[in-house]
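S.K.: Structure in C-alpha cells, see below.
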Amino acid sequence: MKKSFTLPELSVAILIISVALLIFLVLSSNFIFNLVNAKKIFFLMQTNQSALEFLIAFRNKSLETTNFDNIQWFNNLGSGKYCLKINKTSGFISSINLENSSQPCLFSFIFLNTPFKIFHYFDINIQNNFAYITSTSYMSDRILPKSDLSLILTNWHPLWR
Amino acid sequence: MKKGFTLLEISIVILIFSLIMVALASIYTSLMRALIIADHLQASLENVRYASEKIFRIVKYGWDFSINSPNSISFYDRSCDSIFEIKFQNENLILEKKDPNSGNVLESGELFDPSLVRLKRFEIIRDLPNTNETFFYFQYAPKIIVFFYDFELITKAGTSSLAFEQAIAPLNSVMNISLCQR
C-alpha cells in the first residue's frame with residue numbers, strides 16, 4: 001500500500017492548482033482593469049478628437065482677420081511640438097492659440113474639472129504644403145499608454161468661392 | 001501499518017478544503033459582479049459614443065447655427081432641407097427635425113437611452129469671431145462649437161459619472177456664403 005505522496009507528485013499537484021488559480025486571478029484582474037479604465041480610454045480619445053477640432057478651428061479662424069486670398073496658415077508655424085491654449089471670456093471662446101513647447105501641457109478644458117490630469121501636445125511636421133499632425137494625450141498616472149490621433153492639413157483653406 | 005485516516009486528519013482536510021472553496025467562491029462572485037458591471041458600463045458608454053457621434057456628424061455639416069440658450073442649438077442640415085434642433089430636456093437630449101418653412105416638427109426623438117444614461121448637465125459654447133463684418137459667411141460663422149456633457153451611467157450596481165467635452169469645427173465655416181441663409 002502506498003503510504004504517502006512522493007515529492008514529484010506533490011509538486012505536480014501544487015503546480016496544477018497554482019496554474020488554475022492564476023488563470024482565475026488574471027481573468028478577474030483583467031475585468032477589473034477594463035472596468036476602471038474604460039471611461040479613461042474613452043476620455044483620452046475624446047480629448048484627442050476635440051484637440052484636433054480646435055486645431056482645425058485655429059486654422060479656420062485665420063480667415064477672419066486676414067485677406068483670404070491665398071492664405072497659407074502655417075507658414076509662420078514651423079515643425080515641432082505645440083500646446084493648445086484656449087481662452088474664454090463672457091460666455092464665448094475668445095481665442096485659440098498654439099504655443100511652442102518641448103513639454104506636454106495640461107489640457108485646457110472649458111467646463112471640465114477632471115479628478116485626474118490630462119497632458120496633451122501636438123506634434124506638427126510640416127512638409128511642403130502639408131502639415132502632418134499627431135495629437136497625443138495621456139493621463140498623469142501613466143497607467144494607460146499614450147493615446148494618439150493623426151490628421152493631415154493642407155497649407156491652404158478649403159475655401160469655396 | 002496505517003490503513004485509513006483519523007477523524008482529526010479528515011477534519012483538518014475538510015477545513016482546509018472548505019476555506020479554499022470559500023475563497024474561490026468569493027473570487028468567482030466578485031468576478032461575475034465585475035463582469036456584469038463592465039457589461040452595463042460598456043453598453044452605457046456605447047450609447048454615449050453612438051449618440052455623440054451622431055451629434056458630431058450633423059453639427060459638422062450644419063449651416064447657420066443659432067445658439068439661443070446655453071443648452072439649445074438649431075441649424076440647417078447639409079442640404080438646407082430641414083432645420084435640426086438639439087435641446088436639453090428631461091435629463092436627455094432631444095433631436096428635432098423641422099420644416100424650414102412652416103417650422104413644424106417632422107421628427108423628434110431622444111438621443112440617449114434613458115435606461116442606460118442620465119444627462120445631468122449639458123452646455124454649449126462657441127467661439128467669438130474676430131470681426132464685425134457680416135458680409136461673408138466665414139466672417140461670422142462659428143469656427144468651433146463645444147458641447148459639455150455630464151452623464152450618470154446606469155449599472156445594476158449603481159451609477160457612475162462621466163463628464164466630457166466634445167469640440168466640433170463645422171466644415172462649412174470657411175465658406176464664402178451660406179447656401180441656406182435664414
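A note on labels: chains of the C-alpha cells are A, B, ... as shown, every chain counts residues from 1, and ligands are counted from 1 in their shown order.
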Only residues of chain B matter here; which ones have an atom within 7 Å of chain A, counting only C-alpha atoms? Give them as a list in words.
M.R.: Leu31, Ala34, Leu35, Ala38, Ile125, Arg126, Asp127, Leu128, Pro129, Asn130, Thr131, Gln139, Lys143, Ile144, Phe148, Phe164, Gln166, Ala167, Ile168, Ala169, Val174, Met175 and Asn176 of chain B
S.K.: Please save C-alpha atoms of the selected residues as a short mmCIF file (atom, residue, chain, number, x, y, z; two decimals), in the first residue's frame.
M.R.:
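What landed in result.cif:
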```
data_model
loop_
_atom_site.label_atom_id
_atom_site.label_comp_id
_atom_site.auth_asym_id
_atom_site.auth_seq_id
_atom_site.Cartn_x
_atom_site.Cartn_y
_atom_site.Cartn_z
CA LEU B 31 -15.53 38.26 -10.96
CA ALA B 34 -17.28 42.89 -12.18
CA LEU B 35 -18.31 41.24 -15.45
CA ALA B 38 -18.37 46.04 -17.03
CA ILE B 125 -20.28 77.38 -26.05
CA ARG B 126 -18.97 78.74 -29.35
CA ASP B 127 -16.16 80.99 -30.44
CA LEU B 128 -16.41 84.72 -30.97
CA PRO B 129 -15.32 85.67 -34.50
CA ASN B 130 -12.65 88.41 -34.57
CA THR B 131 -14.55 90.61 -36.95
CA GLN B 139 -16.67 86.12 -41.15
CA LYS B 143 -15.35 78.07 -36.18
CA ILE B 144 -15.74 75.90 -33.10
CA PHE B 148 -20.25 69.82 -22.44
CA PHE B 164 -16.55 65.20 -21.13
CA GLN B 166 -16.90 67.48 -27.44
CA ALA B 167 -15.48 70.14 -29.76
CA ILE B 168 -16.71 70.36 -33.34
CA ALA B 169 -15.28 72.60 -36.08
CA VAL B 174 -14.85 78.64 -44.22
CA MET B 175 -17.41 79.06 -47.00
CA ASN B 176 -17.96 82.40 -48.67
#
```
S.K.: Report the residues of segment 4-154 of chain B whose backbone DSSP state falls under strand (DSSP E or B), written as JSON, numbers by chain.
M.R.: {"B": [63, 64, 65, 66, 67, 68, 69, 72, 73, 74, 75, 76, 83, 84, 85, 86, 87, 88, 89, 92, 93, 94, 95, 96, 97, 98, 105, 106, 107, 108, 109, 110, 117, 118, 119, 120, 121, 122, 123, 124, 125, 126, 127, 145, 146, 147, 148, 149, 150, 151, 152, 153, 154]}
S.K.: Residues at most 12 Å from Asn101 of chain B, counting only C-alpha atoms, excluding those fewer than 4 positions away in the same chain, as a PDB file with N, CA and C atoms, in the first residue's frame?
M.R.:
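What ended up in around27.pdb:
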```pdb
ATOM      1  N   TYR B  76     -29.338  74.580 -39.904  1.00  0.00           N
ATOM      2  CA  TYR B  76     -29.781  73.885 -41.114  1.00  0.00           C
ATOM      3  C   TYR B  76     -28.946  72.621 -41.327  1.00  0.00           C
ATOM      4  N   CYS B  80     -29.845  71.958 -46.640  1.00  0.00           N
ATOM      5  CA  CYS B  80     -30.808  73.049 -46.368  1.00  0.00           C
ATOM      6  C   CYS B  80     -32.262  72.586 -46.458  1.00  0.00           C
ATOM      7  N   ASP B  81     -32.519  71.292 -46.390  1.00  0.00           N
ATOM      8  CA  ASP B  81     -33.880  70.774 -46.499  1.00  0.00           C
ATOM      9  C   ASP B  81     -34.642  70.845 -45.181  1.00  0.00           C
ATOM     10  N   SER B  82     -33.905  70.878 -44.095  1.00  0.00           N
ATOM     11  CA  SER B  82     -34.581  70.886 -42.793  1.00  0.00           C
ATOM     12  C   SER B  82     -33.709  71.577 -41.746  1.00  0.00           C
ATOM     13  N   ILE B  83     -34.354  71.900 -40.640  1.00  0.00           N
ATOM     14  CA  ILE B  83     -33.633  72.519 -39.513  1.00  0.00           C
ATOM     15  C   ILE B  83     -33.567  71.495 -38.387  1.00  0.00           C
ATOM     16  N   VAL B 105     -42.578  70.386 -36.598  1.00  0.00           N
ATOM     17  CA  VAL B 105     -41.656  69.301 -36.242  1.00  0.00           C
ATOM     18  C   VAL B 105     -41.970  68.067 -37.097  1.00  0.00           C
ATOM     19  N   LEU B 106     -40.970  67.614 -37.863  1.00  0.00           N
ATOM     20  CA  LEU B 106     -41.152  66.450 -38.727  1.00  0.00           C
ATOM     21  C   LEU B 106     -40.795  65.159 -37.992  1.00  0.00           C
ATOM     22  N   CYS B 180     -27.912  78.277 -47.257  1.00  0.00           N
ATOM     23  CA  CYS B 180     -29.306  78.296 -46.766  1.00  0.00           C
ATOM     24  C   CYS B 180     -29.479  79.374 -45.701  1.00  0.00           C
ATOM     25  N   ARG B 182     -30.988  82.109 -43.387  1.00  0.00           N
ATOM     26  CA  ARG B 182     -32.348  82.301 -42.891  1.00  0.00           C
ATOM     27  C   ARG B 182     -32.828  83.720 -43.113  1.00  0.00           C
TER      28      ARG B 182
END
```
S.K.: If you run DSSP on the backbone, which residues of segment 3-143 of chain B are helix (DSSP H, G or I), as a PyMOL selection string?
M.R.: chain B and resi 7-60+137-140
S.K.: Could you take the residues named above and write them with C-alpha atoms, as a compact mmCIF listing (two decimals), in the first residue's frame?
M.R.:
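The resulting selection.txt:
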```txt
# COMPACT_ATOMS: atom_id res chain seq x y z
CA LEU B 7 -11.01 11.79 12.41
CA LEU B 8 -8.60 14.65 13.13
CA GLU B 9 -6.89 14.29 9.74
CA ILE B 10 -10.20 14.23 7.89
CA SER B 11 -11.45 17.25 9.85
CA ILE B 12 -8.34 19.26 9.01
CA VAL B 13 -8.55 18.30 5.32
CA ILE B 14 -12.26 19.28 5.20
CA LEU B 15 -11.49 22.57 6.97
CA ILE B 16 -8.68 23.46 4.54
CA PHE B 17 -10.79 22.39 1.56
CA SER B 18 -13.73 24.49 2.83
CA LEU B 19 -11.53 27.56 3.29
CA ILE B 20 -10.15 27.20 -0.26
CA MET B 21 -13.67 26.75 -1.65
CA VAL B 22 -14.97 29.82 0.24
CA ALA B 23 -12.06 31.89 -1.13
CA LEU B 24 -12.67 30.61 -4.67
CA ALA B 25 -16.42 31.25 -4.43
CA SER B 26 -15.73 34.78 -3.21
CA ILE B 27 -13.35 35.43 -6.14
CA TYR B 28 -15.90 33.94 -8.54
CA THR B 29 -18.71 36.14 -7.17
CA SER B 30 -16.52 39.25 -7.45
CA LEU B 31 -15.53 38.26 -10.96
CA MET B 32 -19.16 37.79 -12.03
CA ARG B 33 -20.14 41.09 -10.41
CA ALA B 34 -17.28 42.89 -12.18
CA LEU B 35 -18.31 41.24 -15.45
CA ILE B 36 -21.94 42.38 -15.08
CA ILE B 37 -20.89 45.95 -14.17
CA ALA B 38 -18.37 46.04 -17.03
CA ASP B 39 -21.06 44.80 -19.42
CA HIS B 40 -23.53 47.51 -18.31
CA LEU B 41 -20.85 50.17 -18.34
CA GLN B 42 -19.85 49.17 -21.85
CA ALA B 43 -23.48 49.34 -23.02
CA SER B 44 -23.86 52.82 -21.46
CA LEU B 45 -20.57 54.01 -22.98
CA GLU B 46 -21.57 52.63 -26.38
CA ASN B 47 -24.83 54.55 -26.17
CA VAL B 48 -22.99 57.77 -25.26
CA ARG B 49 -20.45 57.17 -28.03
CA TYR B 50 -23.12 56.42 -30.66
CA ALA B 51 -25.25 59.46 -29.81
CA SER B 52 -22.27 61.84 -29.57
CA GLU B 53 -21.05 60.58 -32.96
CA LYS B 54 -24.48 61.34 -34.40
CA ILE B 55 -24.34 64.86 -32.94
CA PHE B 56 -20.80 65.26 -34.32
CA ARG B 57 -21.88 64.29 -37.85
CA ILE B 58 -24.92 66.55 -38.09
CA VAL B 59 -23.19 69.56 -36.49
CA LYS B 60 -20.07 69.10 -38.62
CA TYR B 137 -20.36 83.60 -44.17
CA PHE B 138 -16.86 82.74 -42.89
CA GLN B 139 -16.67 86.12 -41.15
CA TYR B 140 -19.47 85.39 -38.71
```
S.K.: Quick one: residues within 10 Å of Lys87 of chain B, only C-alpha atoms counted, chain neighbours fewer than 6 positions away excluded, as a list of chain:residue names?
M.R.: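 The residues that qualify are B:Ser69, B:Pro70, B:Asn71, B:Ser72, B:Ile73, B:Ser74, B:Leu93, B:Ile94, B:Leu95, B:Glu96, B:Glu110, B:Phe122, B:Glu123.
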S.K.: With only C-alpha atoms as the counted atoms, please give the residues lying no more than 10 Å from Tyr82 of chain A, apart from itself and same-chain residues fewer than 6 positions off, as a ChimeraX atom specification.
M.R.: /A:97-105,120-124,135
S.K.: Selection from above, N, CA and C atoms, as a PDB file, in the first residue's frame, can you write it?
M.R.:
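The resulting file, result_9.pdb, is shown below:
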```pdb
ATOM      1  N   ASN A  97      -5.010  79.444 -29.526  1.00  0.00           N
ATOM      2  CA  ASN A  97      -3.613  79.640 -29.917  1.00  0.00           C
ATOM      3  C   ASN A  97      -2.809  78.359 -29.777  1.00  0.00           C
ATOM      4  N   LEU A  98      -1.718  78.320 -30.544  1.00  0.00           N
ATOM      5  CA  LEU A  98      -0.765  77.230 -30.398  1.00  0.00           C
ATOM      6  C   LEU A  98       0.509  77.803 -29.798  1.00  0.00           C
ATOM      7  N   GLU A  99       1.044  77.117 -28.796  1.00  0.00           N
ATOM      8  CA  GLU A  99       2.245  77.597 -28.115  1.00  0.00           C
ATOM      9  C   GLU A  99       3.348  76.555 -28.263  1.00  0.00           C
ATOM     10  N   ASN A 100       4.474  76.985 -28.813  1.00  0.00           N
ATOM     11  CA  ASN A 100       5.592  76.062 -28.977  1.00  0.00           C
ATOM     12  C   ASN A 100       6.098  75.604 -27.613  1.00  0.00           C
ATOM     13  N   SER A 101       6.210  74.292 -27.436  1.00  0.00           N
ATOM     14  CA  SER A 101       6.618  73.790 -26.118  1.00  0.00           C
ATOM     15  C   SER A 101       7.312  72.441 -26.265  1.00  0.00           C
ATOM     16  N   SER A 102       8.416  72.286 -25.564  1.00  0.00           N
ATOM     17  CA  SER A 102       9.109  70.990 -25.627  1.00  0.00           C
ATOM     18  C   SER A 102       8.448  69.984 -24.693  1.00  0.00           C
ATOM     19  N   GLN A 103       7.667  70.499 -23.733  1.00  0.00           N
ATOM     20  CA  GLN A 103       6.995  69.631 -22.766  1.00  0.00           C
ATOM     21  C   GLN A 103       5.486  69.591 -23.033  1.00  0.00           C
ATOM     22  N   PRO A 104       4.830  68.450 -22.824  1.00  0.00           N
ATOM     23  CA  PRO A 104       3.360  68.410 -22.922  1.00  0.00           C
ATOM     24  C   PRO A 104       2.737  69.346 -21.875  1.00  0.00           C
ATOM     25  N   CYS A 105       1.569  69.883 -22.181  1.00  0.00           N
ATOM     26  CA  CYS A 105       0.907  70.819 -21.258  1.00  0.00           C
ATOM     27  C   CYS A 105      -0.387  70.211 -20.733  1.00  0.00           C
ATOM     28  N   HIS A 120      -1.362  66.980 -22.844  1.00  0.00           N
ATOM     29  CA  HIS A 120      -1.615  66.904 -24.280  1.00  0.00           C
ATOM     30  C   HIS A 120      -0.580  67.723 -25.055  1.00  0.00           C
ATOM     31  N   TYR A 121      -0.272  67.290 -26.268  1.00  0.00           N
ATOM     32  CA  TYR A 121       0.541  68.105 -27.170  1.00  0.00           C
ATOM     33  C   TYR A 121       0.271  67.697 -28.612  1.00  0.00           C
ATOM     34  N   PHE A 122       0.576  68.615 -29.513  1.00  0.00           N
ATOM     35  CA  PHE A 122       0.525  68.329 -30.945  1.00  0.00           C
ATOM     36  C   PHE A 122       1.952  68.160 -31.434  1.00  0.00           C
ATOM     37  N   ASP A 123       2.161  67.160 -32.246  1.00  0.00           N
ATOM     38  CA  ASP A 123       3.443  67.037 -32.942  1.00  0.00           C
ATOM     39  C   ASP A 123       3.170  67.430 -34.390  1.00  0.00           C
ATOM     40  N   ILE A 124       3.680  68.579 -34.805  1.00  0.00           N
ATOM     41  CA  ILE A 124       3.389  69.071 -36.153  1.00  0.00           C
ATOM     42  C   ILE A 124       4.633  68.931 -37.013  1.00  0.00           C
ATOM     43  N   SER A 135      -2.008  64.292 -32.572  1.00  0.00           N
ATOM     44  CA  SER A 135      -2.488  64.771 -31.279  1.00  0.00           C
ATOM     45  C   SER A 135      -2.265  63.651 -30.268  1.00  0.00           C
TER      46      SER A 135
END
```
S.K.: Could you state the separation of atom CA of Ser137 of chain A and atom CA of Asn48 of chain A in Å, given to one decimal place?
M.R.: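 Spanning atom CA of Ser137 of chain A to atom CA of Asn48 of chain A is a straight-line distance of 6.5 Å.
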S.K.: Hey, what's within 10 Å of Ile41 of chain A if we count only C-alpha atoms and toss same-chain stuff fewer than 6 positions away? As a ChimeraX atom specification, please?
M.R.: /A:34,47,138-139,144-147
S.K.: May I have the residues from that selection written out with N, CA, C and O atoms, as a CSV table (one decimal), in the first residue's frame?
M.R.:
```
chain,number,residue,atom,x,y,z
A,34,ASN,N,-10.3,46.7,-17.0
A,34,ASN,CA,-11.1,47.2,-18.1
A,34,ASN,C,-12.2,48.1,-17.5
A,34,ASN,O,-12.5,49.1,-18.1
A,47,THR,N,-10.5,63.6,-26.0
A,47,THR,CA,-9.6,64.7,-25.8
A,47,THR,C,-8.8,64.9,-27.1
A,47,THR,O,-8.7,66.0,-27.6
A,138,TYR,N,-2.3,61.9,-22.6
A,138,TYR,CA,-2.1,60.8,-21.6
A,138,TYR,C,-2.5,61.3,-20.2
A,138,TYR,O,-2.5,62.5,-20.0
A,139,MET,N,-2.8,60.3,-19.4
A,139,MET,CA,-3.2,60.7,-18.0
A,139,MET,C,-1.9,60.8,-17.2
A,139,MET,O,-0.9,60.2,-17.4
A,144,LEU,N,-2.3,54.0,-18.2
A,144,LEU,CA,-2.7,53.7,-19.6
A,144,LEU,C,-1.6,54.3,-20.5
A,144,LEU,O,-0.9,55.3,-20.2
A,145,PRO,N,-1.4,53.6,-21.7
A,145,PRO,CA,-0.4,54.1,-22.6
A,145,PRO,C,-0.9,55.4,-23.3
A,145,PRO,O,-2.1,55.8,-23.2
A,146,LYS,N,0.0,56.1,-23.9
A,146,LYS,CA,-0.4,57.4,-24.6
A,146,LYS,C,-1.4,57.1,-25.7
A,146,LYS,O,-1.3,56.0,-26.4
A,147,SER,N,-2.3,58.0,-25.9
A,147,SER,CA,-3.3,57.9,-27.0
A,147,SER,C,-3.0,58.9,-28.1
A,147,SER,O,-2.8,60.0,-27.8
```
